[in-house]
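K.L.:
If you scroll down you'll find the structure; I have some questions about it.
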Amino acid sequence: MFPWSDATRPVDERVEALLDAMSLAEQIGQLGAFWPRPKSNGAGLNDVAPMESAMSSGEFEEVSADGLGHLTRVFGSAPIDPETGVATLARFQQQVQQRSRFGIPAIAHEECLTGFTAYGATVYPAAIAWGATFDPELVGEMAHAIGSDMAALGVHQGLSPLLDVVRDYRWGRVEETIGEDPFLVGTLGTAYVRGLQDAGVQATLKHFVGYSAARAGRNHAPVTIGTRELEDVLLPPFEMAVREGEVASVMNSYSDVDGVPAGASRHLLTEVLRERWGFTGTVVSDYWSISFLESMHHVADDLTEAGALSLNAGLDIELPETGAYAHLAEAVERGLVSEGVIREAARRILRQKVQLGLLDEGWDAAAAGRAVHLDSERNREIARRMAEQSVVLCANDAGVLPLRADSIALLGPISENPLTFMGCYSFPNHVLPRYPELASGLPLTSLADAVRAEFPDTRVDVVAGVDILDPDTSGIEGAVAAARDAAVAVVAVGDLAGMFGGGTSGEGCDSVDLRLPGAQADLVRAVLDTGTPTVLLVVSGRPYSLGEFGDRAAAVVQAFMPGAEGGAALAGVLSGRVNPSGKLPVGVPDHPGGQPGTYIAAPLAWFTDGVSNLDPRPLYPFGHGLSYTTFAVSDLALTADEVPTDGTLTATVRLTNTGERAGAEVVQFYLSDVTAQVVRPIKLLAAFRKVHLEPGASATLRVDFSTDLMSFTGVDLTRVVEPGAMKLSVGTSSENLPLVADFRLTGGLRVVGEGRTLSPTVTVE
């Protein structure tokens, strides 16, 4: 037995023994990948990765001649059943082993942003809907189910979660984010990491870092933020998932930050990620981002330089195919990169392969995976709970919900197309557009069919009226007639996810402003003009401007791509079978332009106070969401009104269900720095907990805040806790904070080193 195959030896000892036996070419082989992708249509419209149709793929025999690091999306590139996928992956793995002197298999990775991106797999709600649940335990349960399916098939790594913090709602990838608050994103993202990795699949954080802050919300656009926004808003979720979640892998961003592409930034990939945070896993490239250093960023003359730039920065593995890294031997000859840097990158991926058991004596590719049912009852039950808990009741002033009507006009383009419930990385929206002859691959229920089933004794008239993208308004007349003939109208509008302009939301589907796409606003306007009580139901990947309609609609419901169980969940909310408990992970804008920012805002960015004629505040704020019962928060108490800058603050608050039915409320705690050495956000979410209560029941929440959570990047770009006045505000949204307690940080200015506390401790009694 070779020492690297002996599972009784320490991991690092096995890795070093193997490295010592490998040639430089064999070490380089571990840093590349092969993607057995189908041929593109050449037009690019159905590409599943940026510029896929323009990129060439080397032959498998050539790419794997000296070994192979990764196999890319064997299951997720074409519609194949689990049995075929398992057999195909095993065949590739056997060939990889046969072509390696040491029999080293590849790591198989797949996408899993809305569940496993494979034909027939359960489509869970999009990540923005995870944020709306405000429930890390449920997100972790979902991730574990996704991971267990992938692991059973022989998949080792999942390219999720996405921890970009929303900075501009116009960005097409808002649907893939968890929200606009770094603590919410970090908490739920870390729960996903733990769930996936506990199931045996390595998680991959995306996209490190800055991607979501691209100018004008345009995909791949430059990022020109300052150090303070980077350190205090964009980096914390990644740090939480690295240090608390012990994530195995990180993927770079496509964007450049202040002129330095993330894929070539030693500061980000080595100094921040490894030296500051202690990350020991692998950094993988976003697809073709290393080649983009030459072709798009123009910071390298050729692929040899591009590969050297990335490897020297700390990027270990090139995905989805070996392109620039195929030239690393030449880069060594040209003095652009050292053999030691190559060895270090190879060391990291080999360590992962050892940890995954891929180098153990007797590992058998044919036995490494087994076909499983990818749309099981367990999966559907979790998807149902995720969908139900993510629906947000924004307004119900007229009390029209739950619906009690003998006739319903169900209008709008969402009503009969269940694909609108799914994100751009769901297999039906991501890959199946290449195969228009195929059905979705799993049972789906449209909103219309779900409403008919939910209201069996009610007349339900369904009229789309308009298309999501088509500006044609000729169908509005029929929708208006149906509304006039009904006791209540439900107008379902929003998005259809796609890729690179193939939809209204998703990667490469950015928006010039926040108006509803196509002629949907015309439809809503016309139905409201009938005077029929109208429920405005928005199913979207980003928030749209609803200020024109908010006061006119009898109720407003926001759902963020609720997945395969979305139809039943939405119908259940309309009927009252489901008591809504979702909260907005992003604000809903009042007007369509001039306010792409989020609630994390300095005073001058939030209030007008005569300095501007534009009011940037949203119609419905971050954290907002109503219920069919009522809740009261009371009795806020602090353990002390003075806390040392190196101390702990403990707060307690009482939550009571004051209504007549069981429900759930999210208690939210926000910290505010009254005066600071730099301009600070008005408030920041510092803790939250979703609590389920029966009618009349109460619970007491206790939160222990380390003063590390009150730190910020000071005037000299050092993280500090500063003495002075602070406020803790508690309530049920970022703008509904009825309880406020003042306290003071005392002592000297404290510099906060690495390893700071990132999360409070919350207990419920």
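The way I read the labels, and the way they are meant: chains A, B, ... in the order of the structure tokens, residue 1 as the first residue of every chain, and ligand 1 as the first ligand shown, with later ones counted on from there.
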Using only C-alpha atoms, tabulate the residues of stretch 427-516 of chain A lying at most 7 Å from any atom of stretch 521-534 of chain A, each with its closest atom pair and that distance in Å to one decimal, by chain and increasing residue number, as CSV.
P.N.:
residue,atom,partner,partner_atom,distance
A:Gly465,CA,A:Leu523,CA,6.9
A:Ile476,CA,A:Leu523,CA,5.9
A:Val480,CA,A:Val527,CA,5.5
A:Ala483,CA,A:Thr532,CA,6.5
A:Arg484,CA,A:Thr530,CA,6.2
A:Ala487,CA,A:Thr532,CA,6.8
A:Val488,CA,A:Pro533,CA,5.1
A:Ala489,CA,A:Thr534,CA,4.7
A:Val490,CA,A:Thr534,CA,5.7
A:Val491,CA,A:Val524,CA,6.7
A:Leu516,CA,A:Ala521,CA,5.8
K.L.:
Neighbours of A:Ser100 within 6 Å (only C-alpha atoms; same-chain residues fewer than 3 positions away dropped), as an mmCIF file with C-alpha atoms, in the first residue's frame?
P.N.:
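Once everything was written out, this is part.cif:
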data_model
loop_
_atom_site.group_PDB
_atom_site.id
_atom_site.type_symbol
_atom_site.label_atom_id
_atom_site.label_comp_id
_atom_site.auth_asym_id
_atom_site.auth_seq_id
_atom_site.Cartn_x
_atom_site.Cartn_y
_atom_site.Cartn_z
ATOM 1 C CA GLY A 67 -4.216 13.880 -13.884
ATOM 2 C CA GLN A 97 -7.693 7.093 -12.508
ATOM 3 C CA GLY A 103 -4.932 6.490 -9.616
#
K.L.:
For A:Leu328, which residue among A:Val720, A:Leu469, A:Ile342, A:Val512 is the nearest when counting only C-alpha atoms?
P.N.:
A:Ile342
K.L.:
Select from stretch 122-359 of chain A everything DSSP, run on the backbone, classes as strand (DSSP E or B), then give the selection as a ChimeraX atom specification.
P.N.:
/A:157-159,162,202-208,223,249-252,256-257,260-261,282-284,317
K.L.:
Could you tell me how far atom CA of A:Gly115 sits from atom CA of A:Glu454, in Å to one decimal place?
P.N.:
26.5 Å
K.L.:
Separation of atom CA of A:Glu271 and atom CA of A:Gln157, in Å?
P.N.:
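Between atom CA of A:Glu271 and atom CA of A:Gln157 the gap works out to 24.6 Å.
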K.L.:
Show which residues sit within 12 Å of A:Val633, as a PDB file with C-alpha atoms, in the first residue's frame. Count only C-alpha atoms, and ignore same-chain residues fewer than 4 positions away.
P.N.:
ATOM      1  CA  ALA A 637     -34.307  45.496  29.375  1.00  0.00           C
ATOM      2  CA  THR A 652     -34.083  40.693  27.060  1.00  0.00           C
ATOM      3  CA  VAL A 653     -37.415  41.308  25.371  1.00  0.00           C
ATOM      4  CA  ARG A 654     -40.841  39.705  25.499  1.00  0.00           C
ATOM      5  CA  LEU A 655     -42.865  38.608  22.469  1.00  0.00           C
ATOM      6  CA  THR A 656     -46.600  37.885  22.787  1.00  0.00           C
ATOM      7  CA  ASN A 657     -49.072  36.529  20.271  1.00  0.00           C
ATOM      8  CA  THR A 658     -51.964  38.918  20.851  1.00  0.00           C
ATOM      9  CA  GLU A 665     -42.882  36.497  14.256  1.00  0.00           C
ATOM     10  CA  VAL A 666     -39.274  37.518  13.656  1.00  0.00           C
ATOM     11  CA  VAL A 667     -37.974  39.667  16.494  1.00  0.00           C
ATOM     12  CA  GLN A 668     -35.247  41.946  15.157  1.00  0.00           C
ATOM     13  CA  PHE A 669     -32.502  43.766  17.081  1.00  0.00           C
ATOM     14  CA  VAL A 691     -40.490  32.475  17.176  1.00  0.00           C
ATOM     15  CA  SER A 698     -45.468  34.652  25.175  1.00  0.00           C
ATOM     16  CA  ALA A 699     -41.748  34.030  24.995  1.00  0.00           C
ATOM     17  CA  THR A 700     -38.755  35.868  26.382  1.00  0.00           C
ATOM     18  CA  LEU A 701     -35.719  36.347  24.157  1.00  0.00           C
ATOM     19  CA  SER A 729     -33.760  49.139  18.907  1.00  0.00           C
ATOM     20  CA  VAL A 730     -36.091  46.137  18.870  1.00  0.00           C
ATOM     21  CA  GLY A 731     -39.157  45.404  16.781  1.00  0.00           C
ATOM     22  CA  THR A 732     -40.538  43.545  13.804  1.00  0.00           C
ATOM     23  CA  SER A 733     -38.904  45.373  10.883  1.00  0.00           C
ATOM     24  CA  ASN A 736     -41.058  49.234  13.079  1.00  0.00           C
ATOM     25  CA  LEU A 737     -38.873  49.443  16.173  1.00  0.00           C
ATOM     26  CA  PRO A 738     -41.074  50.473  19.101  1.00  0.00           C
ATOM     27  CA  LEU A 739     -38.535  49.555  21.782  1.00  0.00           C
ATOM     28  CA  VAL A 740     -35.354  51.593  22.166  1.00  0.00           C
TER      29      VAL A 740
END
K.L.:
Would you tabulate, counting only C-alpha atoms, all residues of stretch 408-525 of chain A that have an atom at most 12 Å from an atom of stretch 35-38 of chain A, showing the closest pair of atoms and their distance in Å to one decimal, sorted by chain then ascending number, as JSON lines?
P.N.:
{"residue": "A:Val431", "atom": "CA", "partner": "A:Pro38", "partner_atom": "CA", "distance": 10.6}
{"residue": "A:Arg434", "atom": "CA", "partner": "A:Pro38", "partner_atom": "CA", "distance": 9.8}
{"residue": "A:Tyr435", "atom": "CA", "partner": "A:Pro38", "partner_atom": "CA", "distance": 11.4}
K.L.:
Rank nothing, just name the residue among A:Asp495, A:Glu275, A:Phe34, A:Thr8 nearest to A:Glu754, using only C-alpha atoms.
P.N.:
A:Glu275
K.L.:
Which residues, written as a ChimeraX atom specification, have at least one atom at most 10 Å from A:His297, with only C-alpha atoms counted and residues fewer than 3 positions away on the same chain left out?
P.N.:
/A:222,254-256,259-261,289-294,300
K.L.:
Let me see the file: selected residues, all heavy atoms, as a compact mmCIF listing (two decimals), in the first residue's frame.
P.N.:
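And here's selection_33.txt as it stands now:
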# COMPACT_ATOMS: atom_id res chain seq x y z
N PRO A 222 -17.49 47.12 -13.31
CA PRO A 222 -16.48 47.44 -12.29
C PRO A 222 -17.11 47.75 -10.93
O PRO A 222 -18.26 48.19 -10.85
CB PRO A 222 -15.81 48.69 -12.87
CG PRO A 222 -16.09 48.66 -14.33
CD PRO A 222 -17.43 48.01 -14.47
N TYR A 254 -16.17 37.69 -10.57
CA TYR A 254 -15.74 38.12 -11.90
C TYR A 254 -15.25 39.57 -11.90
O TYR A 254 -14.43 39.96 -12.73
CB TYR A 254 -16.91 38.05 -12.89
CG TYR A 254 -17.25 36.66 -13.38
CD1 TYR A 254 -18.52 36.14 -13.21
CD2 TYR A 254 -16.31 35.89 -14.06
CE1 TYR A 254 -18.86 34.88 -13.68
CE2 TYR A 254 -16.64 34.63 -14.53
CZ TYR A 254 -17.92 34.13 -14.34
OH TYR A 254 -18.24 32.88 -14.82
N SER A 255 -15.78 40.38 -10.99
CA SER A 255 -15.57 41.82 -11.06
C SER A 255 -14.16 42.23 -10.66
O SER A 255 -13.44 41.48 -9.99
CB SER A 255 -16.57 42.54 -10.15
OG SER A 255 -17.89 42.34 -10.60
N ASP A 256 -13.80 43.44 -11.06
CA ASP A 256 -12.61 44.05 -10.50
C ASP A 256 -13.04 45.00 -9.39
O ASP A 256 -14.11 45.62 -9.46
CB ASP A 256 -11.81 44.81 -11.56
CG ASP A 256 -12.53 46.06 -12.06
OD1 ASP A 256 -12.34 47.13 -11.46
OD2 ASP A 256 -13.27 45.96 -13.05
N GLY A 259 -10.17 48.41 -9.74
CA GLY A 259 -9.21 48.16 -10.80
C GLY A 259 -8.45 46.86 -10.72
O GLY A 259 -7.72 46.52 -11.65
N VAL A 260 -8.62 46.10 -9.63
CA VAL A 260 -7.91 44.82 -9.49
C VAL A 260 -8.94 43.70 -9.58
O VAL A 260 -9.80 43.58 -8.71
CB VAL A 260 -7.15 44.74 -8.16
CG1 VAL A 260 -6.44 43.39 -8.05
CG2 VAL A 260 -6.17 45.88 -8.02
N PRO A 261 -8.88 42.86 -10.62
CA PRO A 261 -9.82 41.74 -10.71
C PRO A 261 -9.69 40.83 -9.49
O PRO A 261 -8.57 40.54 -9.04
CB PRO A 261 -9.39 41.02 -11.99
CG PRO A 261 -8.65 42.05 -12.78
CD PRO A 261 -7.97 42.93 -11.79
N SER A 289 -13.00 32.69 -15.43
CA SER A 289 -12.58 34.01 -14.94
C SER A 289 -11.08 34.21 -15.05
O SER A 289 -10.62 35.36 -15.13
CB SER A 289 -13.03 34.20 -13.49
OG SER A 289 -12.42 33.26 -12.62
N ILE A 290 -10.29 33.13 -15.07
CA ILE A 290 -8.85 33.30 -15.25
C ILE A 290 -8.56 33.74 -16.68
O ILE A 290 -7.79 34.68 -16.92
CB ILE A 290 -8.09 32.01 -14.90
CG1 ILE A 290 -8.35 31.61 -13.44
CG2 ILE A 290 -6.60 32.18 -15.15
CD1 ILE A 290 -7.72 30.29 -13.03
N SER A 291 -9.21 33.11 -17.64
CA SER A 291 -9.05 33.54 -19.03
C SER A 291 -9.53 34.97 -19.23
O SER A 291 -9.00 35.71 -20.06
CB SER A 291 -9.82 32.60 -19.96
OG SER A 291 -9.32 31.28 -19.88
N PHE A 292 -10.54 35.37 -18.46
CA PHE A 292 -11.08 36.73 -18.59
C PHE A 292 -10.05 37.79 -18.20
O PHE A 292 -10.19 38.95 -18.59
CB PHE A 292 -12.33 36.89 -17.73
CG PHE A 292 -13.55 36.16 -18.25
CD1 PHE A 292 -14.71 36.11 -17.49
CD2 PHE A 292 -13.53 35.52 -19.48
CE1 PHE A 292 -15.83 35.45 -17.96
CE2 PHE A 292 -14.65 34.84 -19.95
CZ PHE A 292 -15.81 34.81 -19.18
N LEU A 293 -9.03 37.41 -17.43
CA LEU A 293 -7.98 38.38 -17.10
C LEU A 293 -7.31 38.89 -18.37
O LEU A 293 -6.90 40.05 -18.45
CB LEU A 293 -6.94 37.75 -16.17
CG LEU A 293 -7.42 37.30 -14.80
CD1 LEU A 293 -6.27 36.66 -14.02
CD2 LEU A 293 -8.02 38.45 -14.01
N GLU A 294 -7.23 38.01 -19.37
CA GLU A 294 -6.68 38.42 -20.66
C GLU A 294 -7.75 39.03 -21.55
O GLU A 294 -7.59 40.14 -22.07
CB GLU A 294 -6.06 37.22 -21.38
CG GLU A 294 -5.56 37.56 -22.79
CD GLU A 294 -5.48 36.34 -23.70
OE1 GLU A 294 -6.08 35.30 -23.38
OE2 GLU A 294 -4.84 36.46 -24.75
N ALA A 300 -3.52 40.92 -18.58
CA ALA A 300 -2.53 39.91 -18.98
C ALA A 300 -2.45 39.89 -20.49
O ALA A 300 -3.45 40.07 -21.19
CB ALA A 300 -2.91 38.53 -18.45
